[in-house]
>>> print(open('work-v6.cif').read())   # mmCIF, C-alpha atoms
data_data
loop_
_atom_site.group_PDB
_atom_site.id
_atom_site.type_symbol
_atom_site.label_atom_id
_atom_site.label_comp_id
_atom_site.auth_asym_id
_atom_site.auth_seq_id
_atom_site.Cartn_x
_atom_site.Cartn_y
_atom_site.Cartn_z
ATOM 1 C CA MET A 206 0.000 0.000 0.000
ATOM 2 C CA GLU A 207 2.990 2.372 0.202
ATOM 3 C CA GLU A 208 2.842 3.340 -3.473
ATOM 4 C CA ILE A 209 -0.882 4.002 -3.172
ATOM 5 C CA LYS A 210 -0.419 6.324 -0.203
ATOM 6 C CA ARG A 211 2.169 8.374 -2.060
ATOM 7 C CA VAL A 212 -0.091 9.070 -5.030
ATOM 8 C CA TRP A 213 -3.492 9.376 -3.376
ATOM 9 C CA ASP A 214 -4.591 10.601 0.008
ATOM 10 C CA PRO A 215 -7.461 8.308 1.108
ATOM 11 C CA ALA A 216 -8.894 11.193 3.116
ATOM 12 C CA GLN A 217 -9.595 12.971 -0.173
ATOM 13 C CA ALA A 218 -11.302 9.983 -1.775
ATOM 14 C CA PRO A 219 -14.946 10.553 -0.701
ATOM 15 C CA GLY A 220 -16.796 12.544 -3.335
ATOM 16 C CA LYS A 221 -14.745 11.175 -6.225
ATOM 17 C CA ARG A 222 -15.818 8.929 -9.082
ATOM 18 C CA ALA A 223 -14.477 5.368 -9.075
ATOM 19 C CA LEU A 224 -14.761 2.587 -11.661
ATOM 20 C CA ALA A 225 -14.074 -1.142 -11.140
ATOM 21 C CA MET A 226 -13.808 -3.548 -14.098
ATOM 22 C CA GLU A 227 -14.024 -7.342 -14.031
ATOM 23 C CA GLY A 228 -12.020 -9.582 -16.355
ATOM 24 C CA GLY A 229 -13.386 -12.517 -18.333
ATOM 25 C CA ALA A 230 -11.123 -12.801 -21.406
ATOM 26 C CA MET A 231 -13.209 -12.172 -24.534
ATOM 27 C CA ARG A 232 -16.312 -11.507 -22.481
ATOM 28 C CA GLY A 233 -14.427 -8.253 -22.010
ATOM 29 C CA MET A 234 -15.833 -7.128 -25.371
ATOM 30 C CA PHE A 235 -18.964 -6.327 -23.363
ATOM 31 C CA THR A 236 -16.845 -4.025 -21.186
ATOM 32 C CA CYS A 237 -15.394 -2.397 -24.318
ATOM 33 C CA GLY A 238 -18.889 -1.562 -25.532
ATOM 34 C CA VAL A 239 -19.810 -0.022 -22.193
ATOM 35 C CA LEU A 240 -16.605 2.030 -22.017
ATOM 36 C CA ASP A 241 -16.969 3.353 -25.550
ATOM 37 C CA VAL A 242 -20.462 4.680 -24.816
ATOM 38 C CA LEU A 243 -19.172 6.324 -21.636
ATOM 39 C CA MET A 244 -16.310 7.971 -23.533
ATOM 40 C CA GLU A 245 -18.602 9.133 -26.322
ATOM 41 C CA ASN A 246 -20.888 10.763 -23.760
ATOM 42 C CA GLY A 247 -18.178 12.430 -21.714
ATOM 43 C CA VAL A 248 -18.600 10.254 -18.609
ATOM 44 C CA GLY A 249 -15.313 10.339 -16.720
ATOM 45 C CA PHE A 250 -13.841 8.988 -13.510
ATOM 46 C CA ASP A 251 -11.187 10.082 -11.051
ATOM 47 C CA ILE A 252 -9.876 6.569 -10.572
ATOM 48 C CA ALA A 253 -10.331 3.242 -12.345
ATOM 49 C CA ALA A 254 -9.042 -0.244 -11.567
ATOM 50 C CA GLY A 255 -9.166 -3.313 -13.771
ATOM 51 C CA ILE A 256 -8.410 -7.000 -13.445
ATOM 52 C CA SER A 257 -7.225 -9.130 -16.371
ATOM 53 C CA ALA A 258 -9.277 -8.172 -19.467
ATOM 54 C CA GLY A 259 -10.720 -5.336 -17.407
ATOM 55 C CA ALA A 260 -7.215 -3.882 -17.210
ATOM 56 C CA VAL A 261 -6.026 -4.732 -20.728
ATOM 57 C CA PHE A 262 -9.126 -3.297 -22.393
ATOM 58 C CA GLY A 263 -9.911 -0.714 -19.717
ATOM 59 C CA CYS A 264 -6.624 1.139 -20.198
ATOM 60 C CA ASN A 265 -8.135 2.604 -23.379
ATOM 61 C CA LEU A 266 -10.450 4.641 -21.165
ATOM 62 C CA LYS A 267 -7.467 6.568 -19.819
ATOM 63 C CA SER A 268 -6.011 7.055 -23.311
ATOM 64 C CA GLY A 269 -9.423 8.129 -24.590
ATOM 65 C CA GLN A 270 -9.379 5.672 -27.501
ATOM 66 C CA ALA A 271 -12.984 4.656 -28.028
ATOM 67 C CA GLY A 272 -13.260 1.765 -30.478
ATOM 68 C CA ARG A 273 -9.625 0.691 -30.249
ATOM 69 C CA ALA A 274 -10.008 -2.488 -28.182
ATOM 70 C CA VAL A 275 -12.805 -4.015 -30.244
ATOM 71 C CA ARG A 276 -11.040 -2.970 -33.450
ATOM 72 C CA TYR A 277 -7.719 -4.698 -32.769
ATOM 73 C CA ASN A 278 -9.372 -7.772 -31.270
ATOM 74 C CA LYS A 279 -11.507 -8.288 -34.370
ATOM 75 C CA ARG A 280 -8.525 -7.632 -36.611
ATOM 76 C CA PHE A 281 -6.110 -10.013 -34.906
ATOM 77 C CA CYS A 282 -8.296 -12.643 -33.238
ATOM 78 C CA ARG A 283 -7.448 -15.180 -35.946
ATOM 79 C CA ASP A 284 -3.735 -14.404 -35.995
ATOM 80 C CA LYS A 285 -1.596 -17.436 -35.082
ATOM 81 C CA ARG A 286 0.074 -15.370 -32.359
ATOM 82 C CA TYR A 287 -3.209 -14.464 -30.700
ATOM 83 C CA GLY A 288 -4.735 -17.062 -28.398
ATOM 84 C CA THR A 289 -3.545 -20.214 -30.141
ATOM 85 C CA LEU A 290 -2.009 -23.521 -29.137
ATOM 86 C CA LEU A 291 0.814 -22.768 -31.583
ATOM 87 C CA SER A 292 1.663 -19.601 -29.667
ATOM 88 C CA LEU A 293 1.570 -21.535 -26.384
ATOM 89 C CA ILE A 294 3.958 -24.187 -27.730
ATOM 90 C CA ARG A 295 6.343 -21.699 -29.329
ATOM 91 C CA THR A 296 6.467 -19.041 -26.611
ATOM 92 C CA GLY A 297 4.937 -20.468 -23.437
ATOM 93 C CA ASP A 298 2.078 -17.954 -23.683
ATOM 94 C CA LEU A 299 -1.314 -18.505 -25.269
ATOM 95 C CA TYR A 300 -1.152 -14.852 -26.324
ATOM 96 C CA GLU A 301 2.342 -14.099 -27.634
ATOM 97 C CA ALA A 302 3.745 -11.385 -25.382
ATOM 98 C CA ASP A 303 5.809 -9.430 -27.915
ATOM 99 C CA PHE A 304 2.982 -9.365 -30.438
ATOM 100 C CA CYS A 305 0.259 -8.370 -27.976
ATOM 101 C CA TYR A 306 2.123 -5.952 -25.736
ATOM 102 C CA ARG A 307 4.657 -4.382 -28.114
ATOM 103 C CA GLU A 308 3.845 -4.876 -31.787
ATOM 104 C CA ILE A 309 0.121 -4.104 -31.553
ATOM 105 C CA PRO A 310 0.329 -1.038 -29.263
ATOM 106 C CA ASP A 311 3.550 0.302 -30.823
ATOM 107 C CA GLU A 312 2.947 -0.363 -34.520
ATOM 108 C CA LEU A 313 -0.289 -2.025 -35.605
ATOM 109 C CA ASP A 314 -2.948 -0.167 -33.582
ATOM 110 C CA VAL A 315 -1.021 2.508 -31.752
ATOM 111 C CA PHE A 316 -1.762 3.126 -28.084
ATOM 112 C CA ASP A 317 -1.910 6.873 -27.383
ATOM 113 C CA ARG A 318 0.637 7.141 -24.587
ATOM 114 C CA LYS A 319 0.600 10.942 -24.642
ATOM 115 C CA ALA A 320 -3.140 11.023 -23.939
ATOM 116 C CA PHE A 321 -2.691 8.287 -21.339
ATOM 117 C CA ARG A 322 -0.045 10.329 -19.472
ATOM 118 C CA GLU A 323 -2.018 13.553 -19.637
ATOM 119 C CA ASN A 324 -5.340 12.146 -18.450
ATOM 120 C CA PRO A 325 -5.432 12.847 -14.678
ATOM 121 C CA MET A 326 -7.546 9.754 -13.982
ATOM 122 C CA LEU A 327 -5.605 7.227 -11.898
ATOM 123 C CA PHE A 328 -5.535 3.762 -13.462
ATOM 124 C CA TYR A 329 -4.574 0.593 -11.598
ATOM 125 C CA ALA A 330 -4.027 -2.942 -12.888
ATOM 126 C CA GLY A 331 -4.280 -5.909 -10.523
ATOM 127 C CA ALA A 332 -2.234 -9.117 -10.752
ATOM 128 C CA ALA A 333 -1.738 -12.195 -8.582
ATOM 129 C CA ASP A 334 1.571 -13.043 -6.923
ATOM 130 C CA ALA A 335 2.136 -16.586 -8.192
ATOM 131 C CA ASP A 336 4.151 -17.562 -5.114
ATOM 132 C CA THR A 337 2.137 -16.043 -2.255
ATOM 133 C CA GLY A 338 -1.329 -15.949 -3.780
ATOM 134 C CA GLU A 339 -1.726 -12.252 -2.900
ATOM 135 C CA ILE A 340 -3.366 -9.644 -5.107
ATOM 136 C CA VAL A 341 -1.090 -6.708 -5.947
ATOM 137 C CA TYR A 342 -1.883 -3.486 -7.784
ATOM 138 C CA HIS A 343 0.210 -1.192 -9.937
ATOM 139 C CA LEU A 344 -0.484 2.438 -10.784
ATOM 140 C CA CYS A 345 -0.060 2.727 -14.557
ATOM 141 C CA ARG A 346 1.462 6.152 -15.149
ATOM 142 C CA ASP A 347 2.627 6.416 -18.758
ATOM 143 C CA GLY A 348 1.677 3.309 -20.759
ATOM 144 C CA GLU A 349 5.337 2.499 -21.428
ATOM 145 C CA LYS A 350 6.998 -0.919 -21.093
ATOM 146 C CA LYS A 351 6.607 -1.355 -17.338
ATOM 147 C CA ASP A 352 2.910 -0.561 -17.502
ATOM 148 C CA MET A 353 2.513 -2.908 -20.466
ATOM 149 C CA ASP A 354 4.256 -5.671 -18.534
ATOM 150 C CA TRP A 355 1.833 -5.158 -15.639
ATOM 151 C CA LEU A 356 -1.128 -5.288 -18.016
ATOM 152 C CA ARG A 357 0.298 -8.488 -19.470
ATOM 153 C CA ALA A 358 0.721 -9.925 -15.964
ATOM 154 C CA SER A 359 -2.830 -9.006 -15.018
ATOM 155 C CA ALA A 360 -4.147 -11.030 -17.973
ATOM 156 C CA SER A 361 -1.663 -13.956 -17.898
ATOM 157 C CA MET A 362 -3.986 -16.905 -17.380
ATOM 158 C CA PRO A 363 -2.504 -19.636 -15.138
ATOM 159 C CA GLY A 364 -1.549 -22.804 -16.949
ATOM 160 C CA VAL A 365 -1.377 -21.181 -20.383
ATOM 161 C CA SER A 366 0.935 -18.257 -19.589
ATOM 162 C CA ARG A 367 4.382 -17.813 -18.133
ATOM 163 C CA PRO A 368 4.548 -15.882 -14.857
ATOM 164 C CA VAL A 369 5.672 -12.323 -15.519
ATOM 165 C CA PRO A 370 8.692 -11.251 -13.392
ATOM 166 C CA MET A 371 8.016 -7.810 -11.988
ATOM 167 C CA ASP A 372 9.395 -5.882 -9.017
ATOM 168 C CA GLY A 373 10.754 -9.032 -7.375
ATOM 169 C CA ARG A 374 7.544 -11.005 -7.862
ATOM 170 C CA ARG A 375 6.240 -13.545 -10.341
ATOM 171 C CA LEU A 376 2.818 -12.385 -11.466
ATOM 172 C CA LEU A 377 -0.203 -14.029 -13.085
ATOM 173 C CA ASP A 378 -3.844 -13.203 -13.823
ATOM 174 C CA GLY A 379 -5.295 -11.155 -10.983
ATOM 175 C CA GLY A 380 -8.743 -12.659 -11.467
ATOM 176 C CA VAL A 381 -7.742 -15.885 -9.737
ATOM 177 C CA VAL A 382 -7.492 -13.949 -6.455
ATOM 178 C CA GLU A 383 -9.796 -10.928 -6.771
ATOM 179 C CA PRO A 384 -12.276 -11.042 -9.673
ATOM 180 C CA VAL A 385 -13.360 -7.398 -9.369
ATOM 181 C CA PRO A 386 -11.249 -4.640 -7.739
ATOM 182 C CA CYS A 387 -14.061 -3.275 -5.559
ATOM 183 C CA ALA A 388 -12.341 -4.045 -2.254
ATOM 184 C CA PHE A 389 -9.159 -2.364 -3.473
ATOM 185 C CA LEU A 390 -11.052 0.831 -4.275
ATOM 186 C CA ARG A 391 -12.772 0.722 -0.876
ATOM 187 C CA GLN A 392 -9.318 0.558 0.739
ATOM 188 C CA LEU A 393 -8.680 3.927 -0.871
ATOM 189 C CA GLY A 394 -11.901 5.325 0.555
ATOM 190 C CA PHE A 395 -14.202 4.888 -2.451
ATOM 191 C CA GLU A 396 -17.342 3.330 -0.971
ATOM 192 C CA ARG A 397 -19.535 4.294 -3.943
ATOM 193 C CA GLN A 398 -18.401 2.850 -7.254
ATOM 194 C CA THR A 399 -19.459 2.147 -10.803
ATOM 195 C CA VAL A 400 -18.815 -1.531 -11.557
ATOM 196 C CA ILE A 401 -18.682 -3.288 -14.926
ATOM 197 C CA LEU A 402 -19.221 -7.058 -14.763
ATOM 198 C CA THR A 403 -19.196 -9.616 -17.575
ATOM 199 C CA ARG A 404 -21.612 -12.136 -16.039
ATOM 200 C CA PRO A 405 -25.371 -11.675 -15.513
ATOM 201 C CA LYS A 406 -26.922 -11.160 -12.102
ATOM 202 C CA GLY A 407 -27.212 -14.433 -10.206
ATOM 203 C CA TYR A 408 -24.288 -16.174 -11.865
ATOM 204 C CA ARG A 409 -22.189 -18.209 -9.462
ATOM 205 C CA LYS A 410 -18.978 -20.035 -10.271
ATOM 206 C CA LYS A 411 -18.425 -23.771 -9.738
ATOM 207 C CA ASP A 412 -15.165 -25.688 -9.559
ATOM 208 C CA GLY A 413 -14.442 -27.108 -12.989
ATOM 209 C CA PRO A 414 -13.721 -30.785 -13.647
ATOM 210 C CA PHE A 415 -10.119 -29.972 -14.587
ATOM 211 C CA LEU A 416 -9.290 -28.161 -11.340
ATOM 212 C CA PRO A 417 -7.033 -30.982 -10.012
ATOM 213 C CA LEU A 418 -5.111 -31.026 -13.309
ATOM 214 C CA THR A 419 -4.816 -27.222 -13.303
ATOM 215 C CA ARG A 420 -3.418 -27.236 -9.778
ATOM 216 C CA LEU A 421 -0.945 -29.939 -10.801
ATOM 217 C CA LEU A 422 0.199 -27.820 -13.743
ATOM 218 C CA LEU A 423 0.689 -24.920 -11.335
ATOM 219 C CA ARG A 424 2.800 -26.852 -8.821
ATOM 220 C CA LYS A 425 5.774 -24.533 -9.511
ATOM 221 C CA THR A 426 3.634 -21.513 -8.606
ATOM 222 C CA PRO A 427 2.144 -22.547 -5.245
ATOM 223 C CA GLY A 428 0.287 -19.307 -4.592
ATOM 224 C CA ALA A 429 -1.504 -19.517 -7.918
ATOM 225 C CA ALA A 430 -2.315 -23.197 -7.310
ATOM 226 C CA ARG A 431 -3.918 -22.387 -3.935
ATOM 227 C CA ALA A 432 -5.782 -19.450 -5.431
ATOM 228 C CA MET A 433 -7.273 -21.653 -8.149
ATOM 229 C CA GLY A 434 -8.646 -23.956 -5.464
ATOM 230 C CA LEU A 435 -10.323 -20.994 -3.743
ATOM 231 C CA ARG A 436 -11.387 -19.207 -6.895
ATOM 232 C CA ALA A 437 -15.048 -20.245 -7.041
ATOM 233 C CA ALA A 438 -15.683 -19.532 -3.356
ATOM 234 C CA ARG A 439 -13.990 -16.141 -3.573
ATOM 235 C CA TYR A 440 -15.880 -15.199 -6.714
ATOM 236 C CA ASN A 441 -19.231 -16.171 -5.254
ATOM 237 C CA ALA A 442 -18.555 -14.303 -2.019
ATOM 238 C CA GLN A 443 -17.639 -11.187 -3.957
ATOM 239 C CA MET A 444 -20.795 -11.389 -6.078
ATOM 240 C CA GLU A 445 -22.869 -11.670 -2.906
ATOM 241 C CA ASP A 446 -21.133 -8.577 -1.551
ATOM 242 C CA ILE A 447 -21.640 -6.665 -4.802
ATOM 243 C CA ASP A 448 -25.341 -7.554 -4.876
ATOM 244 C CA ALA A 449 -25.748 -6.384 -1.275
ATOM 245 C CA ARG A 450 -23.914 -3.108 -1.883
ATOM 246 C CA GLN A 451 -25.878 -2.503 -5.052
ATOM 247 C CA ALA A 452 -29.123 -2.979 -3.111
ATOM 248 C CA ARG A 453 -27.937 -0.345 -0.609
ATOM 249 C CA GLY A 454 -27.223 2.107 -3.415
ATOM 250 C CA GLU A 455 -23.448 2.061 -2.945
ATOM 251 C CA LEU A 456 -22.696 0.581 -6.375
ATOM 252 C CA PHE A 457 -23.991 1.219 -9.870
ATOM 253 C CA VAL A 458 -23.542 -2.094 -11.682
ATOM 254 C CA LEU A 459 -23.465 -2.515 -15.447
ATOM 255 C CA ARG A 460 -23.686 -6.172 -16.431
ATOM 256 C CA PRO A 461 -25.153 -8.366 -19.192
ATOM 257 C CA ALA A 462 -28.873 -8.992 -18.882
ATOM 258 C CA ALA A 463 -28.304 -12.624 -19.947
ATOM 259 C CA PRO A 464 -25.273 -14.897 -20.266
ATOM 260 C CA LEU A 465 -22.905 -13.795 -23.008
ATOM 261 C CA GLU A 466 -22.959 -16.453 -25.692
ATOM 262 C CA ILE A 467 -19.274 -16.473 -26.427
ATOM 263 C CA ASP A 468 -16.303 -18.683 -25.674
ATOM 264 C CA ARG A 469 -13.937 -16.862 -23.322
ATOM 265 C CA LEU A 470 -11.132 -17.472 -25.835
ATOM 266 C CA SER A 471 -13.258 -16.814 -28.910
ATOM 267 C CA ARG A 472 -11.472 -16.201 -32.201
ATOM 268 C CA ASP A 473 -14.670 -15.317 -34.072
ATOM 269 C CA PRO A 474 -14.779 -11.606 -35.035
ATOM 270 C CA GLN A 475 -18.555 -11.699 -35.463
ATOM 271 C CA ALA A 476 -19.012 -13.062 -31.937
ATOM 272 C CA LEU A 477 -16.698 -10.369 -30.579
ATOM 273 C CA GLU A 478 -18.752 -7.712 -32.352
ATOM 274 C CA ARG A 479 -22.002 -9.121 -30.901
ATOM 275 C CA MET A 480 -20.622 -8.936 -27.374
ATOM 276 C CA TYR A 481 -19.398 -5.411 -27.986
ATOM 277 C CA VAL A 482 -22.831 -4.338 -29.253
ATOM 278 C CA GLN A 483 -24.463 -5.872 -26.165
ATOM 279 C CA GLY A 484 -22.212 -3.754 -23.977
ATOM 280 C CA ARG A 485 -23.078 -0.635 -25.952
ATOM 281 C CA ARG A 486 -26.801 -1.317 -25.664
ATOM 282 C CA GLU A 487 -26.600 -1.863 -21.913
ATOM 283 C CA ALA A 488 -24.670 1.376 -21.449
ATOM 284 C CA GLU A 489 -26.959 3.380 -23.713
ATOM 285 C CA GLU A 490 -30.088 2.144 -21.934
ATOM 286 C CA ARG A 491 -28.725 2.864 -18.475
ATOM 287 C CA LEU A 492 -26.746 5.998 -19.232
ATOM 288 C CA PRO A 493 -29.296 8.447 -17.731
ATOM 289 C CA ALA A 494 -29.452 6.432 -14.497
ATOM 290 C CA LEU A 495 -25.651 6.273 -14.317
ATOM 291 C CA GLN A 496 -25.373 10.013 -14.840
ATOM 292 C CA GLU A 497 -27.816 10.562 -11.966
ATOM 293 C CA PHE A 498 -25.814 8.186 -9.763
ATOM 294 C CA LEU A 499 -22.603 10.072 -10.510
ATOM 295 C CA LYS A 500 -24.237 13.441 -9.818
ATOM 296 C CA SER A 501 -25.669 12.441 -6.464
ATOM 297 C CA PRO A 502 -23.781 13.265 -3.240
ATOM 298 C CA PHE A 503 -21.131 10.702 -2.346
#
>>> encode(input="work-v6.cif", output="structure tokens")
Amino acid sequence: MEEIKRVWDPAQAPGKRALAMEGGAMRGMFTCGVLDVLMENGVGFDIAAGISAGAVFGCNLKSGQAGRAVRYNKRFCRDKRYGTLLSLIRTGDLYEADFCYREIPDELDVFDRKAFRENPMLFYAGAADADTGEIVYHLCRDGEKKDMDWLRASASMPGVSRPVPMDGRRLLDGGVVEPVPCAFLRQLGFERQTVILTRPKGYRKKDGPFLPLTRLLLRKTPGAARAMGLRAARYNAQMEDIDARQARGELFVLRPAAPLEIDRLSRDPQALERMYVQGRREAEERLPALQEFLKSPF
């Protein structure tokens, strides 16, 4: 928490606008649709935090690049370096790191680092310490290599990604520890938050049939292995907490009205577009209510 205290005084947090974004791999196209509508309508935040896809796609909110995330995902989703077994075999990562976190943002669909730096909104990415099982957050300041490495770490799915060495830690997907960064934002004093989820209300996670195999594959990263065993229980507890806080008026939650009919590793550009459109529709329908929520006293 030392870095957080240096950049933000928790005593000043009440009255500010906070945004929390869930991950969910390609279900994150729903989040992209929501964010683009918010950007197009001038809805801003003082602080935002994302986990996994929520961080990788959500960073475009700080750079002000509406349309970028859905554009490059549709363009490259069928590239052999993007979410393929071949990439996993060749590089150790399902999503080739150099292609995704250097070539795309530097050359193929340029990430606006100048706008990112100049936007005063604070943006945090959360990742899991693969050895301790703790959630750790990084303040992304300029969108340069260190920030990109943290974004990569936040979305590095256990079992199909190499741990990312960073600041003396080995990091993996933050969603295995904390699915949505609501508790993190509360630590900073933000009790009222806007939250973007990628599952419908009432969804609860169950342990998958391959959990024992996944934990075996993660035996060299004991913290991540333990976190995978606790993942469903943690997720369900957090959804219960979010539902309760939403009922008390502390959270404004944007989520799909029904399950998103998409594989989390989808390589179908038409499916990605459908999910994106669903996010746009949800945001457009609820935009007036969100604006009222953000105007009300915090």
>>> residues_around(input="work-v6.cif", residues="stretch 442-452 of chain A", least_positions_apart="2", cutoff="12 Å", atoms="only C-alpha atoms", output="PDB file with C-alpha atoms, keeping the file's coordinate frame")
ATOM      1  CA  ALA A 225     -14.074  -1.142 -11.140  1.00  0.00           C
ATOM      2  CA  GLU A 227     -14.024  -7.342 -14.031  1.00  0.00           C
ATOM      3  CA  GLY A 380      -8.743 -12.659 -11.467  1.00  0.00           C
ATOM      4  CA  VAL A 382      -7.492 -13.949  -6.455  1.00  0.00           C
ATOM      5  CA  GLU A 383      -9.796 -10.928  -6.771  1.00  0.00           C
ATOM      6  CA  PRO A 384     -12.276 -11.042  -9.673  1.00  0.00           C
ATOM      7  CA  VAL A 385     -13.360  -7.398  -9.369  1.00  0.00           C
ATOM      8  CA  PRO A 386     -11.249  -4.640  -7.739  1.00  0.00           C
ATOM      9  CA  CYS A 387     -14.061  -3.275  -5.559  1.00  0.00           C
ATOM     10  CA  ALA A 388     -12.341  -4.045  -2.254  1.00  0.00           C
ATOM     11  CA  ARG A 391     -12.772   0.722  -0.876  1.00  0.00           C
ATOM     12  CA  GLU A 396     -17.342   3.330  -0.971  1.00  0.00           C
ATOM     13  CA  ARG A 397     -19.535   4.294  -3.943  1.00  0.00           C
ATOM     14  CA  GLN A 398     -18.401   2.850  -7.254  1.00  0.00           C
ATOM     15  CA  THR A 399     -19.459   2.147 -10.803  1.00  0.00           C
ATOM     16  CA  VAL A 400     -18.815  -1.531 -11.557  1.00  0.00           C
ATOM     17  CA  ILE A 401     -18.682  -3.288 -14.926  1.00  0.00           C
ATOM     18  CA  LEU A 402     -19.221  -7.058 -14.763  1.00  0.00           C
ATOM     19  CA  THR A 403     -19.196  -9.616 -17.575  1.00  0.00           C
ATOM     20  CA  ARG A 404     -21.612 -12.136 -16.039  1.00  0.00           C
ATOM     21  CA  PRO A 405     -25.371 -11.675 -15.513  1.00  0.00           C
ATOM     22  CA  LYS A 406     -26.922 -11.160 -12.102  1.00  0.00           C
ATOM     23  CA  GLY A 407     -27.212 -14.433 -10.206  1.00  0.00           C
ATOM     24  CA  TYR A 408     -24.288 -16.174 -11.865  1.00  0.00           C
ATOM     25  CA  ARG A 409     -22.189 -18.209  -9.462  1.00  0.00           C
ATOM     26  CA  LYS A 410     -18.978 -20.035 -10.271  1.00  0.00           C
ATOM     27  CA  LEU A 435     -10.323 -20.994  -3.743  1.00  0.00           C
ATOM     28  CA  ARG A 436     -11.387 -19.207  -6.895  1.00  0.00           C
ATOM     29  CA  ALA A 437     -15.048 -20.245  -7.041  1.00  0.00           C
ATOM     30  CA  ALA A 438     -15.683 -19.532  -3.356  1.00  0.00           C
ATOM     31  CA  ARG A 439     -13.990 -16.141  -3.573  1.00  0.00           C
ATOM     32  CA  TYR A 440     -15.880 -15.199  -6.714  1.00  0.00           C
ATOM     33  CA  GLY A 454     -27.223   2.107  -3.415  1.00  0.00           C
ATOM     34  CA  GLU A 455     -23.448   2.061  -2.945  1.00  0.00           C
ATOM     35  CA  LEU A 456     -22.696   0.581  -6.375  1.00  0.00           C
ATOM     36  CA  PHE A 457     -23.991   1.219  -9.870  1.00  0.00           C
ATOM     37  CA  VAL A 458     -23.542  -2.094 -11.682  1.00  0.00           C
ATOM     38  CA  LEU A 459     -23.465  -2.515 -15.447  1.00  0.00           C
ATOM     39  CA  ARG A 460     -23.686  -6.172 -16.431  1.00  0.00           C
ATOM     40  CA  PHE A 498     -25.814   8.186  -9.763  1.00  0.00           C
TER      41      PHE A 498
END
>>> closest_residue(input="work-v6.cif", among="A:Cys264, A:Ala332, A:Ile340, A:Cys305", to="A:Ala320", atoms="all atoms listed in the file")
A:Cys264
>>> resolve_selection(input="work-v6.cif", expression="the PyMOL selection byres ((chain A and resi 239) around 9)", output="count of residues only")
21
>>> residues_around(input="work-v6.cif", residues="A:Asp473", least_positions_apart="3", cutoff="10 Å", atoms="only C-alpha atoms", output="PyMOL selection string")
chain A and resi 278-279+282-283+467-468+470+476-478
>>> atom_distance(input="work-v6.cif", atom1="atom CA of A:Leu465", atom2="atom CA of A:Asp298")
25.3 Å
>>> resolve_selection(input="work-v6.cif", expression="the PyMOL selection byres ((chain A and resi 269) around 12)", output="VMD selection string")
chain A and resid 240 to 250 262 to 268 270 to 274 316 to 326
>>> residues_around(input="work-v6.cif", residues="A:Ala254", least_positions_apart="3", cutoff="7 Å", atoms="all atoms listed in the file", output="list in words")
Leu224, Ala225, Met226, Ala260, Phe328, Tyr329, Ala330 and Pro386 of chain A
>>> write_last_selection(input="work-v6.cif", atoms="C-alpha atoms", output="PDB file, in the frame of the given file")
ATOM      1  CA  LEU A 224     -14.761   2.587 -11.661  1.00  0.00           C
ATOM      2  CA  ALA A 225     -14.074  -1.142 -11.140  1.00  0.00           C
ATOM      3  CA  MET A 226     -13.808  -3.548 -14.098  1.00  0.00           C
ATOM      4  CA  ALA A 260      -7.215  -3.882 -17.210  1.00  0.00           C
ATOM      5  CA  PHE A 328      -5.535   3.762 -13.462  1.00  0.00           C
ATOM      6  CA  TYR A 329      -4.574   0.593 -11.598  1.00  0.00           C
ATOM      7  CA  ALA A 330      -4.027  -2.942 -12.888  1.00  0.00           C
ATOM      8  CA  PRO A 386     -11.249  -4.640  -7.739  1.00  0.00           C
TER       9      PRO A 386
END
>>> atom_distance(input="work-v6.cif", atom1="atom CA of A:Tyr300", atom2="atom CA of A:Ser361")
8.5 Å
>>> atom_distance(input="work-v6.cif", atom1="atom CA of A:Ile309", atom2="atom CA of A:Val381")
26.0 Å
>>> residues_around(input="work-v6.cif", residues="A:Gly338", least_positions_apart="4", cutoff="10 Å", atoms="only C-alpha atoms", output="short mmCIF file (atom, residue, chain, number, x, y, z; two decimals) with C-alpha atoms, keeping the file's coordinate frame")
data_model
loop_
_atom_site.label_atom_id
_atom_site.label_comp_id
_atom_site.auth_asym_id
_atom_site.auth_seq_id
_atom_site.Cartn_x
_atom_site.Cartn_y
_atom_site.Cartn_z
CA ALA A 332 -2.23 -9.12 -10.75
CA ALA A 333 -1.74 -12.20 -8.58
CA ASP A 334 1.57 -13.04 -6.92
CA LEU A 376 2.82 -12.38 -11.47
CA LEU A 377 -0.20 -14.03 -13.08
CA GLY A 379 -5.30 -11.16 -10.98
CA VAL A 381 -7.74 -15.88 -9.74
CA VAL A 382 -7.49 -13.95 -6.46
CA THR A 426 3.63 -21.51 -8.61
CA PRO A 427 2.14 -22.55 -5.24
CA GLY A 428 0.29 -19.31 -4.59
CA ALA A 429 -1.50 -19.52 -7.92
CA ALA A 430 -2.32 -23.20 -7.31
CA ARG A 431 -3.92 -22.39 -3.94
CA ALA A 432 -5.78 -19.45 -5.43
CA MET A 433 -7.27 -21.65 -8.15
#
>>> decode(input="work-v6.cif", residues="stretch 467-482 of chain A", atoms="C-alpha atoms", output="mmCIF file, in the first residue's frame")
data_model
loop_
_atom_site.group_PDB
_atom_site.id
_atom_site.type_symbol
_atom_site.label_atom_id
_atom_site.label_comp_id
_atom_site.auth_asym_id
_atom_site.auth_seq_id
_atom_site.Cartn_x
_atom_site.Cartn_y
_atom_site.Cartn_z
ATOM 1 C CA ILE A 467 -19.274 -16.473 -26.427
ATOM 2 C CA ASP A 468 -16.303 -18.683 -25.674
ATOM 3 C CA ARG A 469 -13.937 -16.862 -23.322
ATOM 4 C CA LEU A 470 -11.132 -17.472 -25.835
ATOM 5 C CA SER A 471 -13.258 -16.814 -28.910
ATOM 6 C CA ARG A 472 -11.472 -16.201 -32.201
ATOM 7 C CA ASP A 473 -14.670 -15.317 -34.072
ATOM 8 C CA PRO A 474 -14.779 -11.606 -35.035
ATOM 9 C CA GLN A 475 -18.555 -11.699 -35.463
ATOM 10 C CA ALA A 476 -19.012 -13.062 -31.937
ATOM 11 C CA LEU A 477 -16.698 -10.369 -30.579
ATOM 12 C CA GLU A 478 -18.752 -7.712 -32.352
ATOM 13 C CA ARG A 479 -22.002 -9.121 -30.901
ATOM 14 C CA MET A 480 -20.622 -8.936 -27.374
ATOM 15 C CA TYR A 481 -19.398 -5.411 -27.986
ATOM 16 C CA VAL A 482 -22.831 -4.338 -29.253
#
